[in-house]
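Enquirer: I am sharing protein.cif, which consists of mmCIF, C-alpha atoms:
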data_work
#
loop_
_atom_site.label_atom_id
_atom_site.label_comp_id
_atom_site.auth_asym_id
_atom_site.auth_seq_id
_atom_site.Cartn_x
_atom_site.Cartn_y
_atom_site.Cartn_z
CA MET A 1 9.26 -43.08 3.58
CA LYS A 2 11.03 -40.07 5.06
CA CYS A 3 11.55 -37.12 2.68
CA PRO A 4 15.14 -35.91 2.37
CA THR A 5 16.04 -32.59 3.94
CA ALA A 6 16.79 -29.56 1.79
CA ALA A 7 20.47 -29.80 2.75
CA ALA A 8 20.64 -33.45 1.65
CA ILE A 9 19.04 -32.61 -1.68
CA LEU A 10 21.46 -29.74 -2.23
CA LEU A 11 24.43 -31.99 -1.52
CA SER A 12 23.00 -34.63 -3.89
CA ALA A 13 22.52 -31.98 -6.59
CA LEU A 14 26.11 -30.80 -6.28
CA CYS A 15 27.41 -34.36 -6.47
CA ALA A 16 25.17 -35.13 -9.45
CA ILE A 17 26.49 -32.24 -11.53
CA SER A 18 30.13 -32.37 -10.44
CA PRO A 19 32.12 -34.03 -13.20
CA ALA A 20 34.18 -37.08 -12.31
CA ALA A 21 37.60 -37.46 -13.88
CA GLY A 22 37.24 -37.77 -17.65
CA GLN A 23 33.61 -36.57 -17.72
CA ASP A 24 32.23 -33.26 -18.83
CA THR A 25 29.09 -31.35 -17.98
CA ALA A 26 27.57 -31.25 -21.48
CA SER A 27 24.71 -33.47 -20.33
CA ALA A 28 23.95 -31.38 -17.21
CA ARG A 29 20.32 -30.34 -16.84
CA PRO A 30 18.57 -28.01 -14.40
CA PHE A 31 17.94 -29.86 -11.15
CA LEU A 32 17.58 -27.41 -8.26
CA ALA A 33 17.23 -23.71 -7.50
CA ALA A 34 17.26 -22.21 -4.00
CA LEU A 35 15.48 -19.09 -2.82
CA SER A 36 15.99 -17.15 0.39
CA VAL A 37 12.61 -15.79 1.48
CA THR A 38 10.77 -14.03 4.27
CA SER A 39 8.17 -16.76 4.92
CA VAL A 40 8.84 -20.36 3.91
CA PRO A 41 5.21 -21.55 4.26
CA ARG A 42 3.83 -18.59 2.28
CA THR A 43 6.31 -18.92 -0.59
CA ALA A 44 6.10 -22.73 -0.70
CA GLY A 45 2.32 -22.48 -0.90
CA TRP A 46 2.55 -19.93 -3.71
CA TYR A 47 4.70 -22.23 -5.87
CA ARG A 48 2.44 -25.18 -5.02
CA ASP A 49 -0.76 -23.31 -5.83
CA HIS A 50 0.38 -21.46 -8.94
CA PHE A 51 3.02 -23.70 -10.53
CA GLY A 52 2.06 -27.21 -9.40
CA PHE A 53 5.04 -27.93 -7.16
CA ARG A 54 4.65 -30.69 -4.59
CA ILE A 55 5.90 -29.85 -1.10
CA LEU A 56 8.20 -32.68 -0.01
CA SER A 57 9.25 -31.20 3.31
CA LEU A 58 8.49 -28.13 5.34
CA ASP A 59 10.55 -27.93 8.51
CA SER A 60 13.14 -26.16 10.61
CA LEU A 61 16.75 -27.15 10.12
CA SER A 62 19.04 -28.13 12.97
CA ARG A 63 20.20 -24.53 13.49
CA PRO A 64 17.90 -22.06 15.27
CA GLY A 65 16.41 -19.36 13.08
CA ILE A 66 16.50 -21.37 9.87
CA ALA A 67 13.43 -22.85 8.21
CA ALA A 68 13.31 -24.65 4.87
CA ALA A 69 11.02 -26.34 2.42
CA LEU A 70 11.81 -28.64 -0.44
CA LEU A 71 9.46 -28.69 -3.41
CA GLU A 72 9.51 -30.83 -6.55
CA ARG A 73 7.90 -30.69 -9.97
CA ASN A 74 8.85 -32.89 -12.92
CA GLY A 75 12.25 -33.76 -11.45
CA PHE A 76 13.15 -30.14 -10.67
CA TYR A 77 13.64 -29.20 -7.03
CA LEU A 78 13.02 -25.81 -5.48
CA GLU A 79 14.63 -25.23 -2.09
CA ILE A 80 13.07 -22.41 -0.10
CA VAL A 81 14.94 -21.15 2.96
CA SER A 82 14.33 -18.46 5.58
CA VAL A 83 17.19 -17.27 7.76
CA ALA A 84 16.40 -15.08 10.76
CA GLY A 85 17.82 -11.60 10.30
CA SER A 86 18.26 -11.92 6.54
CA ARG A 87 17.56 -8.81 4.50
CA HIS A 88 15.20 -8.65 1.54
CA ARG A 89 17.20 -8.22 -1.66
CA LEU A 90 14.99 -5.40 -2.93
CA ASP A 91 15.81 -3.39 0.21
CA ALA A 92 19.36 -3.14 -1.15
CA LEU A 93 18.30 -1.69 -4.50
CA PRO A 94 18.12 1.99 -5.29
CA ASN A 95 15.35 1.14 -7.79
CA PRO A 96 13.41 -2.07 -6.97
CA ALA A 97 12.24 -2.38 -10.58
CA THR A 98 15.82 -3.30 -11.55
CA ASN A 99 16.30 -6.42 -9.44
CA GLY A 100 18.73 -7.75 -12.07
CA SER A 101 21.22 -5.17 -10.83
CA LEU A 102 22.02 -7.45 -7.87
CA GLN A 103 24.24 -10.36 -8.77
CA GLY A 104 22.97 -13.90 -8.28
CA LEU A 105 19.79 -15.71 -9.24
CA TYR A 106 16.94 -13.26 -9.72
CA LYS A 107 14.58 -15.03 -12.11
CA LEU A 108 13.06 -18.46 -12.58
CA GLY A 109 11.59 -19.50 -15.93
CA PHE A 110 8.87 -22.07 -16.62
CA TRP A 111 7.55 -23.49 -19.90
CA VAL A 112 3.81 -23.94 -20.37
CA PRO A 113 1.77 -25.16 -23.36
CA ASP A 114 -0.07 -21.83 -23.68
CA ALA A 115 1.31 -18.63 -22.12
CA ASP A 116 -1.90 -16.68 -22.77
CA SER A 117 -4.02 -19.21 -20.88
CA ALA A 118 -1.46 -19.39 -18.06
CA ALA A 119 -1.47 -15.59 -17.70
CA GLN A 120 -5.26 -15.54 -17.54
CA ALA A 121 -5.33 -18.34 -14.94
CA LEU A 122 -2.79 -16.57 -12.72
CA GLN A 123 -4.68 -13.29 -12.96
CA ARG A 124 -7.94 -15.06 -12.02
CA ALA A 125 -6.09 -16.43 -8.98
CA GLY A 126 -5.13 -12.89 -7.95
CA VAL A 127 -1.54 -12.84 -9.25
CA SER A 128 -0.65 -9.57 -10.98
CA LEU A 129 1.45 -9.60 -14.13
CA TYR A 130 4.76 -7.84 -13.53
CA ARG A 131 5.31 -7.59 -17.30
CA PRO A 132 2.46 -8.20 -19.74
CA LEU A 133 2.36 -10.83 -22.43
CA GLY A 134 4.97 -10.30 -25.10
CA ALA A 135 6.68 -12.22 -27.87
CA ASP A 136 10.30 -13.03 -28.63
CA SER A 137 11.21 -14.70 -31.91
CA SER A 138 14.84 -15.35 -30.88
CA LEU A 139 14.04 -18.07 -28.31
CA ALA A 140 13.03 -21.64 -29.18
CA GLY A 141 11.66 -20.68 -32.59
CA GLY A 142 9.51 -17.97 -31.04
CA VAL A 143 7.85 -17.71 -27.63
CA ARG A 144 5.06 -15.87 -25.86
CA TYR A 145 6.02 -14.84 -22.36
CA PHE A 146 5.03 -12.80 -19.33
CA LEU A 147 6.48 -12.15 -15.90
CA VAL A 148 5.06 -12.30 -12.39
CA ARG A 149 6.70 -11.94 -8.98
CA ASP A 150 6.50 -14.47 -6.18
CA PRO A 151 5.66 -13.29 -2.63
CA ASP A 152 9.31 -12.28 -2.09
CA SER A 153 9.58 -10.47 -5.44
CA THR A 154 11.63 -13.09 -7.26
CA VAL A 155 10.76 -12.69 -10.92
CA VAL A 156 9.06 -15.72 -12.48
CA GLN A 157 8.99 -15.69 -16.28
CA VAL A 158 6.51 -17.96 -18.00
CA PHE A 159 7.16 -19.03 -21.59
CA GLY A 160 4.97 -20.81 -24.12
CA PRO A 161 5.15 -21.45 -27.84
CA LEU A 162 4.55 -18.52 -30.14
CA ARG A 163 1.25 -18.93 -31.88
CA ARG A 164 1.49 -17.16 -35.21
CA GLY A 165 -1.04 -14.39 -35.75
CA ARG A 166 -0.93 -13.04 -32.16
#
Would it be possible to restate this file's structure as structure tokens?
Expert:
Amino acid sequence: MKCPTAAAILLSALCAISPAAGQDTASARPFLAALSVTSVPRTAGWYRDHFGFRILSLDSLSRPGIAAALLERNGFYLEIVSVAGSRHRLDALPNPATNGSLQGLYKLGFWVPDADSAAQALQRAGVSLYRPLGADSSLAGGVRYFLVRDPDSTVVQVFGPLRRGR
């Protein structure tokens, strides 16, 4: 069975969340995020190795200078694209630590059963924590969280349930 291209998945995602006449989007759920990166194979491998994504396709698109990968995990798709001549978003920032100052998607969030264990596993695999473990009682009845950066500096925030007494 041939895997769909990233462009086909993106079109399907847009059609799936576009409301037909008389429908609303109250039942919409996250389906796809797209990242523009320096190296498609490197970034696709990072999400595969550290977050369990399955690489569905890794290829060049029909236009020269464009490469793409499509990854999937639990019904969520991650489209990773490299366009020749594109500029790294952090190059445009006066202070790279404030990547939220650029408009557009700058962070992905994942839920895990135990944020402390996930942080330890990532550190053992050589991934540095961008922000250390913390707690927030305003989300989902309380969460533990930490942040890392992918190879292209997109912030990845990992959440888990707050275990009382930590």
Enquirer: Give as a PDB file with C-alpha atoms, in the coordinates of the input the residues that the PyMOL selection byres ((chain A and resi 106-117) around 7) matches when applied to the coordinates above.
Expert:
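Saved to part-v4.pdb:
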ATOM      1  CA  ASN A  99      16.300  -6.420  -9.440  1.00  0.00           C
ATOM      2  CA  GLY A 100      18.730  -7.750 -12.070  1.00  0.00           C
ATOM      3  CA  GLY A 104      22.970 -13.900  -8.280  1.00  0.00           C
ATOM      4  CA  LEU A 105      19.790 -15.710  -9.240  1.00  0.00           C
ATOM      5  CA  ALA A 118      -1.460 -19.390 -18.060  1.00  0.00           C
ATOM      6  CA  ALA A 119      -1.470 -15.590 -17.700  1.00  0.00           C
ATOM      7  CA  GLN A 120      -5.260 -15.540 -17.540  1.00  0.00           C
ATOM      8  CA  ALA A 121      -5.330 -18.340 -14.940  1.00  0.00           C
ATOM      9  CA  ARG A 144       5.060 -15.870 -25.860  1.00  0.00           C
ATOM     10  CA  TYR A 145       6.020 -14.840 -22.360  1.00  0.00           C
ATOM     11  CA  THR A 154      11.630 -13.090  -7.260  1.00  0.00           C
ATOM     12  CA  VAL A 155      10.760 -12.690 -10.920  1.00  0.00           C
ATOM     13  CA  VAL A 156       9.060 -15.720 -12.480  1.00  0.00           C
ATOM     14  CA  GLN A 157       8.990 -15.690 -16.280  1.00  0.00           C
ATOM     15  CA  VAL A 158       6.510 -17.960 -18.000  1.00  0.00           C
ATOM     16  CA  PHE A 159       7.160 -19.030 -21.590  1.00  0.00           C
ATOM     17  CA  GLY A 160       4.970 -20.810 -24.120  1.00  0.00           C
ATOM     18  CA  PRO A 161       5.150 -21.450 -27.840  1.00  0.00           C
TER      19      PRO A 161
END
Enquirer: In Å to one decimal, how far is atom CA of A:Gly45 from atom CA of A:Ser57?
Expert: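 Calculated distance between atom CA of A:Ser57 and atom CA of A:Gly45 is 11.9 Å.
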Enquirer: What does the distance from atom CA of A:Thr43 to atom CA of A:Ile80 come to in Å, to one decimal?
Expert: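 Computing the Euclidean distance for atom CA of A:Thr43 and atom CA of A:Ile80 yields 7.6 Å.
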Enquirer: Taking all atoms listed in the file into account, name the residue in A:Asp152, A:Asp136, A:Glu79, A:Asp59 that is nearest to A:Ser39.
Expert: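 Using all atoms listed in the file, A:Ser39 sits closest to A:Asp152.
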Enquirer: Report, as JSON, the centre and edge lengths in Å (one decimal) of the axis-aligned box enclosing every listed atom of stretch 145-151 of chain A, padded by 8 Å on each side.
Expert:
{"center_x": 5.9, "center_y": -13.4, "center_z": -12.5, "size_x": 17.7, "size_y": 18.9, "size_z": 35.7}
Enquirer: Which is closer to A:Pro41 than all the others in A:Asp150, A:Tyr77, A:Ala67, A:Gly126, using only C-alpha atoms?
Expert: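 Closest to A:Pro41, using only C-alpha atoms: A:Ala67.
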Enquirer: Would you mind reading off the distance between atom CA of A:Pro132 and atom CA of A:Asp49, one decimal, in Å?
Expert: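 Interatomic distance here is 20.8 Å.
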Enquirer: Save N, CA and C atoms of stretch 55-80 of chain A from the block above as a JSON list (two decimals), in the first residue's frame.
Expert:
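See selection-v5.json below for the written result:
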[["chain", "number", "residue", "atom", "x", "y", "z"],
["A", 55, "ILE", "N", 7.42, 6.94, 10.78],
["A", 55, "ILE", "CA", 7.65, 7.67, 9.53],
["A", 55, "ILE", "C", 6.87, 6.96, 8.42],
["A", 56, "LEU", "N", 5.87, 7.65, 7.87],
["A", 56, "LEU", "CA", 5.06, 7.09, 6.80],
["A", 56, "LEU", "C", 5.67, 7.32, 5.44],
["A", 57, "SER", "N", 6.28, 8.48, 5.26],
["A", 57, "SER", "CA", 6.94, 8.77, 3.99],
["A", 57, "SER", "C", 8.09, 9.73, 4.25],
["A", 58, "LEU", "N", 9.09, 9.60, 3.42],
["A", 58, "LEU", "CA", 10.27, 10.46, 3.50],
["A", 58, "LEU", "C", 10.73, 10.62, 2.06],
["A", 59, "ASP", "N", 10.39, 11.77, 1.44],
["A", 59, "ASP", "CA", 10.68, 11.89, 0.01],
["A", 59, "ASP", "C", 10.81, 13.34, -0.41],
["A", 60, "SER", "N", 11.15, 13.54, -1.66],
["A", 60, "SER", "CA", 11.16, 14.87, -2.26],
["A", 60, "SER", "C", 9.82, 15.07, -2.95],
["A", 61, "LEU", "N", 9.32, 16.28, -2.88],
["A", 61, "LEU", "CA", 8.06, 16.57, -3.55],
["A", 61, "LEU", "C", 8.34, 16.87, -5.02],
["A", 62, "SER", "N", 7.30, 17.12, -5.78],
["A", 62, "SER", "CA", 7.47, 17.29, -7.23],
["A", 62, "SER", "C", 8.26, 18.55, -7.59],
["A", 63, "ARG", "N", 8.38, 19.51, -6.68],
["A", 63, "ARG", "CA", 9.14, 20.72, -7.00],
["A", 63, "ARG", "C", 10.57, 20.57, -6.51],
["A", 64, "PRO", "N", 11.54, 21.01, -7.28],
["A", 64, "PRO", "CA", 12.95, 20.93, -6.86],
["A", 64, "PRO", "C", 13.16, 21.76, -5.60],
["A", 65, "GLY", "N", 14.04, 21.28, -4.73],
["A", 65, "GLY", "CA", 14.39, 22.01, -3.53],
["A", 65, "GLY", "C", 13.45, 21.83, -2.37],
["A", 66, "ILE", "N", 12.48, 20.93, -2.50],
["A", 66, "ILE", "CA", 11.53, 20.69, -1.42],
["A", 66, "ILE", "C", 11.58, 19.22, -1.04],
["A", 67, "ALA", "N", 11.79, 18.95, 0.23],
["A", 67, "ALA", "CA", 11.74, 17.59, 0.75],
["A", 67, "ALA", "C", 10.71, 17.56, 1.86],
["A", 68, "ALA", "N", 10.12, 16.39, 2.09],
["A", 68, "ALA", "CA", 9.08, 16.29, 3.11],
["A", 68, "ALA", "C", 9.06, 14.91, 3.72],
["A", 69, "ALA", "N", 8.55, 14.87, 4.93],
["A", 69, "ALA", "CA", 8.28, 13.59, 5.60],
["A", 69, "ALA", "C", 6.91, 13.71, 6.23],
["A", 70, "LEU", "N", 6.25, 12.60, 6.34],
["A", 70, "LEU", "CA", 4.98, 12.52, 7.03],
["A", 70, "LEU", "C", 5.12, 11.48, 8.12],
["A", 71, "LEU", "N", 4.84, 11.89, 9.35],
["A", 71, "LEU", "CA", 4.94, 11.00, 10.50],
["A", 71, "LEU", "C", 3.57, 10.88, 11.15],
["A", 72, "GLU", "N", 3.36, 9.78, 11.87],
["A", 72, "GLU", "CA", 2.06, 9.57, 12.52],
["A", 72, "GLU", "C", 2.28, 8.92, 13.87],
["A", 73, "ARG", "N", 1.46, 9.34, 14.83],
["A", 73, "ARG", "CA", 1.44, 8.71, 16.16],
["A", 73, "ARG", "C", 0.05, 8.90, 16.73],
["A", 74, "ASN", "N", -0.60, 7.80, 17.02],
["A", 74, "ASN", "CA", -1.94, 7.82, 17.64],
["A", 74, "ASN", "C", -2.94, 8.71, 16.89],
["A", 75, "GLY", "N", -2.91, 8.65, 15.57],
["A", 75, "GLY", "CA", -3.86, 9.41, 14.77],
["A", 75, "GLY", "C", -3.50, 10.88, 14.60],
["A", 76, "PHE", "N", -2.34, 11.30, 15.06],
["A", 76, "PHE", "CA", -1.88, 12.67, 14.89],
["A", 76, "PHE", "C", -0.73, 12.65, 13.89],
["A", 77, "TYR", "N", -0.80, 13.52, 12.89],
["A", 77, "TYR", "CA", 0.20, 13.57, 11.84],
["A", 77, "TYR", "C", 1.12, 14.77, 12.03],
["A", 78, "LEU", "N", 2.38, 14.54, 11.77],
["A", 78, "LEU", "CA", 3.38, 15.60, 11.81],
["A", 78, "LEU", "C", 4.02, 15.65, 10.43],
["A", 79, "GLU", "N", 3.84, 16.78, 9.77],
["A", 79, "GLU", "CA", 4.41, 16.99, 8.43],
["A", 79, "GLU", "C", 5.69, 17.80, 8.62],
["A", 80, "ILE", "N", 6.78, 17.30, 8.08],
["A", 80, "ILE", "CA", 8.07, 17.96, 8.21],
["A", 80, "ILE", "C", 8.56, 18.29, 6.81]]
